[in-house]
>>> print(open('query04.pdb').read())   # PDB, C-alpha atoms and all ligand atoms
ATOM      1  CA  MET A   9    -140.034 -45.891 192.147  1.00  0.00           C
ATOM      2  CA  SER A  10    -140.119 -46.672 195.808  1.00  0.00           C
ATOM      3  CA  CYS A  11    -137.938 -46.120 198.795  1.00  0.00           C
ATOM      4  CA  THR A  12    -137.738 -47.366 202.329  1.00  0.00           C
ATOM      5  CA  VAL A  13    -137.220 -45.015 205.226  1.00  0.00           C
ATOM      6  CA  GLU A  14    -136.850 -46.310 208.731  1.00  0.00           C
ATOM      7  CA  HIS A  15    -138.471 -44.250 211.416  1.00  0.00           C
ATOM      8  CA  LYS A  16    -138.184 -44.823 215.161  1.00  0.00           C
ATOM      9  CA  TYR A  17    -141.725 -44.009 216.248  1.00  0.00           C
ATOM     10  CA  PHE A  18    -145.239 -44.895 215.148  1.00  0.00           C
ATOM     11  CA  ILE A  19    -148.654 -43.280 215.489  1.00  0.00           C
ATOM     12  CA  GLY A  20    -149.786 -43.436 219.095  1.00  0.00           C
ATOM     13  CA  ASN A  21    -146.293 -43.862 220.567  1.00  0.00           C
ATOM     14  CA  LYS A  22    -145.561 -41.895 223.727  1.00  0.00           C
ATOM     15  CA  VAL A  23    -142.411 -39.812 223.425  1.00  0.00           C
ATOM     16  CA  CYS A  24    -140.358 -37.344 225.461  1.00  0.00           C
ATOM     17  CA  ARG A  25    -139.195 -34.211 223.732  1.00  0.00           C
ATOM     18  CA  ILE A  26    -136.022 -32.312 224.506  1.00  0.00           C
ATOM     19  CA  ILE A  27    -135.897 -28.541 224.146  1.00  0.00           C
ATOM     20  CA  ARG A  28    -133.222 -25.871 224.374  1.00  0.00           C
ATOM     21  CA  ARG A  29    -133.990 -23.310 227.017  1.00  0.00           C
ATOM     22  CA  GLY A  30    -132.268 -20.081 228.038  1.00  0.00           C
ATOM     23  CA  MET A  31    -131.562 -20.025 231.741  1.00  0.00           C
ATOM     24  CA  GLU A  32    -130.924 -17.303 234.242  1.00  0.00           C
ATOM     25  CA  ILE A  33    -128.483 -17.948 237.044  1.00  0.00           C
ATOM     26  CA  LYS A  34    -127.538 -15.997 240.143  1.00  0.00           C
ATOM     27  CA  CYS A  35    -124.989 -13.315 239.238  1.00  0.00           C
ATOM     28  CA  PRO A  36    -121.567 -14.611 240.320  1.00  0.00           C
ATOM     29  CA  SER A  37    -120.123 -11.105 240.818  1.00  0.00           C
ATOM     30  CA  CYS A  38    -122.606  -9.864 243.430  1.00  0.00           C
ATOM     31  CA  GLU A  39    -123.816 -13.344 244.460  1.00  0.00           C
ATOM     32  CA  GLY A  40    -127.384 -12.417 243.652  1.00  0.00           C
ATOM     33  CA  VAL A  41    -127.509  -9.237 245.722  1.00  0.00           C
ATOM     34  CA  GLY A  42    -127.487  -6.754 242.828  1.00  0.00           C
ATOM     35  CA  GLU A  43    -125.004  -4.454 244.558  1.00  0.00           C
ATOM     36  CA  VAL A  44    -121.312  -4.572 245.280  1.00  0.00           C
ATOM     37  CA  VAL A  45    -119.083  -2.723 247.741  1.00  0.00           C
ATOM     38  CA  LEU A  46    -116.189  -1.033 245.949  1.00  0.00           C
ATOM     39  CA  LEU A  47    -112.821   0.134 247.280  1.00  0.00           C
ATOM     40  CA  ASP A  48    -114.275   3.383 248.634  1.00  0.00           C
ATOM     41  CA  GLY A  49    -116.555   1.308 250.873  1.00  0.00           C
ATOM     42  CA  GLN A  50    -119.703   2.508 249.096  1.00  0.00           C
ATOM     43  CA  LEU A  51    -122.465   0.314 247.675  1.00  0.00           C
ATOM     44  CA  TYR A  52    -122.810   0.395 243.896  1.00  0.00           C
ATOM     45  CA  LYS A  53    -125.102  -1.271 241.444  1.00  0.00           C
ATOM     46  CA  CYS A  54    -123.397  -4.490 240.297  1.00  0.00           C
ATOM     47  CA  PRO A  55    -121.629  -3.766 236.964  1.00  0.00           C
ATOM     48  CA  LYS A  56    -122.098  -7.340 235.725  1.00  0.00           C
ATOM     49  CA  CYS A  57    -125.852  -7.842 236.177  1.00  0.00           C
ATOM     50  CA  LEU A  58    -126.662  -4.097 236.351  1.00  0.00           C
ATOM     51  CA  GLY A  59    -128.577  -4.691 239.552  1.00  0.00           C
ATOM     52  CA  SER A  60    -130.883  -7.377 238.155  1.00  0.00           C
ATOM     53  CA  LYS A  61    -129.227 -10.026 240.416  1.00  0.00           C
ATOM     54  CA  VAL A  62    -129.208 -12.639 237.616  1.00  0.00           C
ATOM     55  CA  ILE A  63    -127.306 -13.178 234.393  1.00  0.00           C
ATOM     56  CA  GLU A  64    -128.189 -15.093 231.250  1.00  0.00           C
ATOM     57  CA  ALA A  65    -126.419 -18.457 231.259  1.00  0.00           C
ATOM     58  CA  GLN A  66    -125.651 -20.646 228.257  1.00  0.00           C
ATOM     59  CA  PRO A  67    -128.966 -22.173 227.058  1.00  0.00           C
ATOM     60  CA  GLN A  68    -129.370 -25.788 228.133  1.00  0.00           C
ATOM     61  CA  TRP A  69    -131.119 -28.817 226.693  1.00  0.00           C
ATOM     62  CA  ILE A  70    -133.818 -30.019 229.062  1.00  0.00           C
ATOM     63  CA  VAL A  71    -136.556 -32.632 228.936  1.00  0.00           C
ATOM     64  CA  GLU A  72    -140.048 -31.236 228.498  1.00  0.00           C
ATOM     65  CA  GLY A  73    -142.241 -31.846 231.526  1.00  0.00           C
ATOM     66  CA  VAL A  74    -145.097 -33.655 229.779  1.00  0.00           C
ATOM     67  CA  GLU A  75    -145.075 -36.724 227.521  1.00  0.00           C
ATOM     68  CA  ARG A  76    -146.291 -36.305 223.949  1.00  0.00           C
ATOM     69  CA  THR A  77    -148.119 -38.660 221.607  1.00  0.00           C
ATOM     70  CA  VAL A  78    -147.155 -39.153 217.959  1.00  0.00           C
ATOM     71  CA  ASP A  79    -150.138 -38.182 215.745  1.00  0.00           C
ATOM     72  CA  LYS A  80    -148.619 -37.998 212.294  1.00  0.00           C
ATOM     73  CA  ILE A  81    -145.273 -38.767 210.654  1.00  0.00           C
ATOM     74  CA  GLU A  82    -143.723 -36.687 207.890  1.00  0.00           C
ATOM     75  CA  ILE A  83    -140.791 -37.917 205.874  1.00  0.00           C
ATOM     76  CA  ILE A  84    -138.989 -35.349 203.770  1.00  0.00           C
ATOM     77  CA  ILE A  85    -136.564 -36.655 201.194  1.00  0.00           C
ATOM     78  CA  CYS A  86    -134.067 -34.230 199.652  1.00  0.00           C
ATOM     79  CA  PRO A  87    -131.105 -35.092 197.439  1.00  0.00           C
ATOM     80  CA  LYS A  88    -128.612 -34.928 200.305  1.00  0.00           C
ATOM     81  CA  HIS A  89    -130.713 -35.375 203.366  1.00  0.00           C
ATOM     82  CA  THR A  90    -133.725 -37.240 204.667  1.00  0.00           C
ATOM     83  CA  SER A  91    -135.532 -35.829 207.636  1.00  0.00           C
ATOM     84  CA  ILE A  92    -138.222 -37.444 209.713  1.00  0.00           C
ATOM     85  CA  GLN A  93    -140.568 -35.207 211.622  1.00  0.00           C
ATOM     86  CA  TYR A  94    -143.430 -36.027 213.913  1.00  0.00           C
ATOM     87  CA  HIS A  95    -146.590 -34.172 214.755  1.00  0.00           C
ATOM     88  CA  THR A  96    -146.736 -34.665 218.492  1.00  0.00           C
ATOM     89  CA  SER A  97    -149.438 -33.547 220.874  1.00  0.00           C
ATOM     90  CA  MET A  98    -149.852 -33.191 224.603  1.00  0.00           C
ATOM     91  CA  CYS A  99    -153.615 -32.710 224.356  1.00  0.00           C
ATOM     92  CA  THR A 100    -156.199 -32.785 221.558  1.00  0.00           C
ATOM     93  CA  ARG A 101    -155.943 -29.099 220.628  1.00  0.00           C
ATOM     94  CA  HIS A 102    -152.252 -28.399 220.266  1.00  0.00           C
ATOM     95  CA  TYR A 103    -149.570 -30.204 218.361  1.00  0.00           C
ATOM     96  CA  GLU A 104    -146.046 -29.405 217.378  1.00  0.00           C
ATOM     97  CA  ILE A 105    -143.781 -30.719 214.663  1.00  0.00           C
ATOM     98  CA  VAL A 106    -140.621 -32.174 216.169  1.00  0.00           C
ATOM     99  CA  ASP A 107    -137.520 -33.561 214.498  1.00  0.00           C
ATOM    100  CA  GLU A 108    -136.823 -37.217 215.294  1.00  0.00           C
ATOM    101  CA  ARG A 109    -133.467 -36.351 216.937  1.00  0.00           C
ATOM    102  CA  ARG A 110    -135.325 -34.400 219.630  1.00  0.00           C
ATOM    103  CA  LEU A 111    -137.615 -37.240 220.636  1.00  0.00           C
ATOM    104  CA  LEU A 112    -136.784 -40.121 222.933  1.00  0.00           C
ATOM    105  CA  PRO A 113    -138.901 -43.067 224.060  1.00  0.00           C
ATOM    106  CA  THR A 114    -138.283 -42.575 227.779  1.00  0.00           C
ATOM    107  CA  ARG A 115    -137.534 -39.717 230.152  1.00  0.00           C
ATOM    108  CA  LYS A 116    -134.322 -41.414 231.277  1.00  0.00           C
ATOM    109  CA  LEU A 117    -132.965 -41.621 227.715  1.00  0.00           C
ATOM    110  CA  ALA A 118    -134.049 -38.025 227.086  1.00  0.00           C
ATOM    111  CA  GLN A 119    -132.140 -36.861 230.175  1.00  0.00           C
ATOM    112  CA  GLU A 120    -129.046 -38.739 229.017  1.00  0.00           C
ATOM    113  CA  LYS A 121    -129.253 -37.105 225.582  1.00  0.00           C
ATOM    114  CA  CYS A 122    -129.592 -33.646 227.191  1.00  0.00           C
ATOM    115  CA  LYS A 123    -126.475 -34.346 229.230  1.00  0.00           C
ATOM    116  CA  ARG A 124    -124.531 -35.321 226.098  1.00  0.00           C
ATOM    117  CA  TRP A 125    -125.794 -32.359 224.055  1.00  0.00           C
ATOM    118  CA  ASN A 126    -125.116 -29.890 226.875  1.00  0.00           C
ATOM    119  CA  LEU A 127    -121.459 -30.909 226.863  1.00  0.00           C
ATOM    120  CA  LYS A 128    -121.161 -29.669 223.275  1.00  0.00           C
ATOM    121  CA  ASP A 129    -121.605 -26.045 222.284  1.00  0.00           C
ATOM    122  CA  ASN A 130    -125.094 -26.237 220.893  1.00  0.00           C
ATOM    123  CA  GLY A 131    -125.790 -29.970 220.921  1.00  0.00           C
ATOM    124  CA  GLU A 132    -126.835 -32.013 217.903  1.00  0.00           C
TER     125      GLU A 132
HETATM  126 ZN    ZN B 201    -124.528  -8.869 239.900  1.00  0.00          ZN
END
>>> encode(input="query04.pdb", output="C-alpha cells", more="lines below")
Ligand SMILES: [Zn+2]
Amino acid sequence: MSCTVEHKYFIGNKVCRIIRRGMEIKCPSCEGVGEVVLLDGQLYKCPKCLGSKVIEAQPQWIVEGVERTVDKIEIIICPKHTSIQYHTSMCTRHYEIVDERRLLPTRKLAQEKCKRWNLKDNGE
C-alpha cells in the first residue's frame, strides 16, 4: 500500500513561524497610572488593574523574530486527519516541532496570516 501526501516545505527550506502570545496593554481605566481619583477626590488603587498599570489583553498571533530552517518532516496519517509537522531549528542545538499551518515561506505572508487569525477568536 502506498499513499501520497503533499507537503509545502522541504529539508533546508527557510520558514517563518507564527506564535500566539499573551500581551499586556496599558490599563484603560487608569490610563497606565495605577491609581484613580474617585468622587471623594481621594486617590485609590485602580480597581481594574489593581495598581499594576497594565491588563492582560486577548492573546495575539505574531511572527517569530528569527527565521527557522526545516530539518525533518513528519507526516502523521490518522483515519480522519492527516497532519504534517516539521522539525524546525534556529540554531544547531534547539529545534521545535511546528504544524504546517503555523509556518509560512516569507515574513510578509506570515504577517498577513497573523492579521487574518487575529480577526477570529483564536485563529486557525
Ligand atoms: Zn488601572
>>> residues_near_ligand(input="query04.pdb", ligand="ligand ZN 201 (chain B)", cutoff="7 Å", atoms="all atoms listed in the file", output="compact mmCIF listing (two decimals) with C-alpha atoms, in the frame of the given file")
# COMPACT_ATOMS: atom_id res chain seq x y z
CA CYS A 35 -124.99 -13.32 239.24
CA PRO A 36 -121.57 -14.61 240.32
CA SER A 37 -120.12 -11.10 240.82
CA CYS A 38 -122.61 -9.86 243.43
CA GLU A 39 -123.82 -13.34 244.46
CA GLY A 40 -127.38 -12.42 243.65
CA VAL A 41 -127.51 -9.24 245.72
CA GLY A 42 -127.49 -6.75 242.83
CA GLU A 43 -125.00 -4.45 244.56
CA CYS A 54 -123.40 -4.49 240.30
CA PRO A 55 -121.63 -3.77 236.96
CA LYS A 56 -122.10 -7.34 235.72
CA CYS A 57 -125.85 -7.84 236.18
CA LEU A 58 -126.66 -4.10 236.35
CA GLY A 59 -128.58 -4.69 239.55
CA SER A 60 -130.88 -7.38 238.16
CA LYS A 61 -129.23 -10.03 240.42
CA VAL A 62 -129.21 -12.64 237.62
>>> residues_around(input="query04.pdb", residues="Tyr94 in chain A", least_positions_apart="5", cutoff="6 Å", atoms="all atoms listed in the file", output="PyMOL selection string")
chain A and resi 80-81+105-106
>>> resolve_selection(input="query04.pdb", expression="the PyMOL selection byres (((chain A and resi 76) around 8) and not hetatm)", output="list of chain:residue names")
A:Lys22, A:Val23, A:Cys24, A:Arg25, A:Val74, A:Glu75, A:Thr77, A:Val78, A:Thr96, A:Ser97, A:Met98
>>> residues_around(input="query04.pdb", residues="Lys123 in chain A", least_positions_apart="6", cutoff="10 Å", atoms="only C-alpha atoms", output="number ranges by chain")
A: 68-70, 117, 131
>>> atom_distance(input="query04.pdb", atom1="CA of Ile84 in chain A", atom2="CA of Asp107 in chain A")
11.0 Å
>>> residues_around(input="query04.pdb", residues="Ala65 in chain A", least_positions_apart="2", cutoff="9 Å", atoms="all atoms listed in the file", output="tab-separated table (two decimals) with C-alpha atoms, in the frame of the given file")
chain	number	residue	atom	x	y	z
A	30	GLY	CA	-132.27	-20.08	228.04
A	31	MET	CA	-131.56	-20.02	231.74
A	32	GLU	CA	-130.92	-17.30	234.24
A	33	ILE	CA	-128.48	-17.95	237.04
A	63	ILE	CA	-127.31	-13.18	234.39
A	67	PRO	CA	-128.97	-22.17	227.06
A	68	GLN	CA	-129.37	-25.79	228.13
>>> closest_residue(input="query04.pdb", among="A:Leu46, A:Leu51, A:Ile26, A:Cys11", to="Glu108 in chain A", atoms="all atoms listed in the file")
A:Ile26
>>> atom_distance(input="query04.pdb", atom1="CA of Val71 in chain A", atom2="CA of Phe18 in chain A")
20.4 Å
>>> closest_residue(input="query04.pdb", among="A:Gln93, A:Lys34, A:Asn126, A:Tyr17", to="Leu112 in chain A", atoms="only C-alpha atoms")
A:Tyr17
>>> closest_residue(input="query04.pdb", among="A:Ile92, A:Cys99, A:Ile27, A:Cys86", to="Cys122 in chain A", atoms="all atoms listed in the file")
A:Ile27
>>> build_atoms(input="query04.pdb", residues="range 14-44 of chain A", atoms="N, CA and C atoms", output="CSV table (one decimal), in the coordinates of the input")
chain,number,residue,atom,x,y,z
A,14,GLU,N,-136.6,-45.8,207.4
A,14,GLU,CA,-136.8,-46.3,208.7
A,14,GLU,C,-137.1,-45.2,209.7
A,15,HIS,N,-138.2,-45.3,210.4
A,15,HIS,CA,-138.5,-44.2,211.4
A,15,HIS,C,-138.6,-44.9,212.8
A,16,LYS,N,-138.2,-44.2,213.8
A,16,LYS,CA,-138.2,-44.8,215.2
A,16,LYS,C,-139.5,-45.0,215.8
A,17,TYR,N,-140.5,-44.0,215.5
A,17,TYR,CA,-141.7,-44.0,216.2
A,17,TYR,C,-142.9,-44.2,215.3
A,18,PHE,N,-144.0,-44.6,215.9
A,18,PHE,CA,-145.2,-44.9,215.1
A,18,PHE,C,-146.4,-44.1,215.7
A,19,ILE,N,-147.5,-44.0,215.0
A,19,ILE,CA,-148.7,-43.3,215.5
A,19,ILE,C,-149.1,-43.9,216.8
A,20,GLY,N,-149.3,-43.0,217.8
A,20,GLY,CA,-149.8,-43.4,219.1
A,20,GLY,C,-148.7,-43.6,220.1
A,21,ASN,N,-147.4,-43.7,219.6
A,21,ASN,CA,-146.3,-43.9,220.6
A,21,ASN,C,-146.2,-42.7,221.5
A,22,LYS,N,-145.8,-43.0,222.8
A,22,LYS,CA,-145.6,-41.9,223.7
A,22,LYS,C,-144.1,-41.5,223.6
A,23,VAL,N,-143.8,-40.2,223.6
A,23,VAL,CA,-142.4,-39.8,223.4
A,23,VAL,C,-142.1,-38.6,224.4
A,24,CYS,N,-140.8,-38.5,224.7
A,24,CYS,CA,-140.4,-37.3,225.5
A,24,CYS,C,-139.6,-36.4,224.5
A,25,ARG,N,-139.9,-35.2,224.6
A,25,ARG,CA,-139.2,-34.2,223.7
A,25,ARG,C,-138.1,-33.4,224.5
A,26,ILE,N,-137.0,-33.2,223.8
A,26,ILE,CA,-136.0,-32.3,224.5
A,26,ILE,C,-136.0,-30.9,223.8
A,27,ILE,N,-135.9,-29.9,224.6
A,27,ILE,CA,-135.9,-28.5,224.1
A,27,ILE,C,-134.7,-27.8,224.7
A,28,ARG,N,-134.3,-26.7,224.0
A,28,ARG,CA,-133.2,-25.9,224.4
A,28,ARG,C,-133.8,-24.6,225.0
A,29,ARG,N,-133.4,-24.4,226.2
A,29,ARG,CA,-134.0,-23.3,227.0
A,29,ARG,C,-132.9,-22.4,227.6
A,30,GLY,N,-133.2,-21.1,227.4
A,30,GLY,CA,-132.3,-20.1,228.0
A,30,GLY,C,-132.5,-20.1,229.5
A,31,MET,N,-131.4,-19.9,230.3
A,31,MET,CA,-131.6,-20.0,231.7
A,31,MET,C,-131.0,-18.8,232.4
A,32,GLU,N,-131.5,-18.4,233.5
A,32,GLU,CA,-130.9,-17.3,234.2
A,32,GLU,C,-130.3,-17.9,235.5
A,33,ILE,N,-129.1,-17.5,235.8
A,33,ILE,CA,-128.5,-17.9,237.0
A,33,ILE,C,-128.1,-16.7,237.9
A,34,LYS,N,-127.9,-17.0,239.2
A,34,LYS,CA,-127.5,-16.0,240.1
A,34,LYS,C,-126.2,-15.3,239.7
A,35,CYS,N,-126.2,-14.0,239.7
A,35,CYS,CA,-125.0,-13.3,239.2
A,35,CYS,C,-123.8,-13.7,240.1
A,36,PRO,N,-122.7,-14.2,239.5
A,36,PRO,CA,-121.6,-14.6,240.3
A,36,PRO,C,-120.8,-13.4,240.9
A,37,SER,N,-120.9,-12.2,240.3
A,37,SER,CA,-120.1,-11.1,240.8
A,37,SER,C,-120.7,-10.6,242.1
A,38,CYS,N,-122.0,-10.4,242.2
A,38,CYS,CA,-122.6,-9.9,243.4
A,38,CYS,C,-123.3,-11.0,244.2
A,39,GLU,N,-123.2,-12.2,243.8
A,39,GLU,CA,-123.8,-13.3,244.5
A,39,GLU,C,-125.3,-13.1,244.6
A,40,GLY,N,-125.9,-12.5,243.6
A,40,GLY,CA,-127.4,-12.4,243.7
A,40,GLY,C,-127.9,-11.3,244.5
A,41,VAL,N,-127.1,-10.4,244.9
A,41,VAL,CA,-127.5,-9.2,245.7
A,41,VAL,C,-127.9,-8.0,244.8
A,42,GLY,N,-127.2,-7.9,243.7
A,42,GLY,CA,-127.5,-6.8,242.8
A,42,GLY,C,-126.6,-5.5,243.1
A,43,GLU,N,-125.9,-5.6,244.2
A,43,GLU,CA,-125.0,-4.5,244.6
A,43,GLU,C,-123.7,-5.0,245.0
A,44,VAL,N,-122.6,-4.2,244.8
A,44,VAL,CA,-121.3,-4.6,245.3
A,44,VAL,C,-120.7,-3.4,246.1
